[in-house]
Amino acid sequence: LIENNMNTEEEIYPESIVSYCIRRKDSLLINNVSKDEEFSNNEYLKKNKVKALFCFPILYSGKVNSVIYLENKKISDVFIIENIAAIKLIAGNFGVAIKNAYSYYEMKELNEKLKKQIQKQKEYEKELRKQKEIAEEANKAKSMFLANMSHEIRNPMNGIFGMIEVMEIAGLNEQQRDYLGKIKLSAENLLEIINNILDISKIEAGKMIVSKIEF
């Protein structure tokens, strides 16, 4: 009603009376408008020749949620106590219905937020799986490369050991033999490290061959 009233110049209900009830959070009963000291000169009531009126707010969580306004333009003293009690009872049930409706929509909104969070979590987990697969593929490619390059990596070391053997049978003095021994030991340690790396790469690439032998 308030929205409709904003689009028209003429009042379609007594705004001052409705505002009065909202401020007080209490009902207002006037069974004879012409004799009422406070509202008998109300412009809306005089213009529309209202004889009797009953206005009461509907509360939800201590706040005015809506207002019911009733008026009679034909006779006074139309709102008897029994009718008022029934109207208030209906209004109370209406307030409970509004509360339940709010609770329903609040729960619905929470469910929608929860669904969105679950969807985001699923998308996040999907992205994690994708990144994990990419990382695993990259690691597998690295292992495949090393496993396939094992021969090319070991060949230079074979050349080094070959030259060490040649130098061992050459005429070297004691100091040169000591140097050569240290070179050979370092080369053997390096070869062992290379073999370990290549063996791990072969295992990761699924190219490791296990043989059963007696020892």
# chains A, B, ... in the order shown; residues from 1 in each chain; ligands from 1
>>> residues_around(residues="Ser40 in chain A", least_positions_apart="6", cutoff="10 Å", atoms="only C-alpha atoms", output="count of residues only")
7
>>> closest_residue(among="A:Val64, A:Asp36, A:Glu136, A:Leu29", to="Ile84 in chain A", atoms="only C-alpha atoms")
A:Leu29
>>> closest_residue(among="A:Ala101, A:Leu190, A:Val96, A:Leu198", to="Lys142 in chain A", atoms="only C-alpha atoms")
A:Leu198
>>> atom_distance(atom1="CA of Asn48 in chain A", atom2="CA of Tyr20 in chain A")
19.1 Å
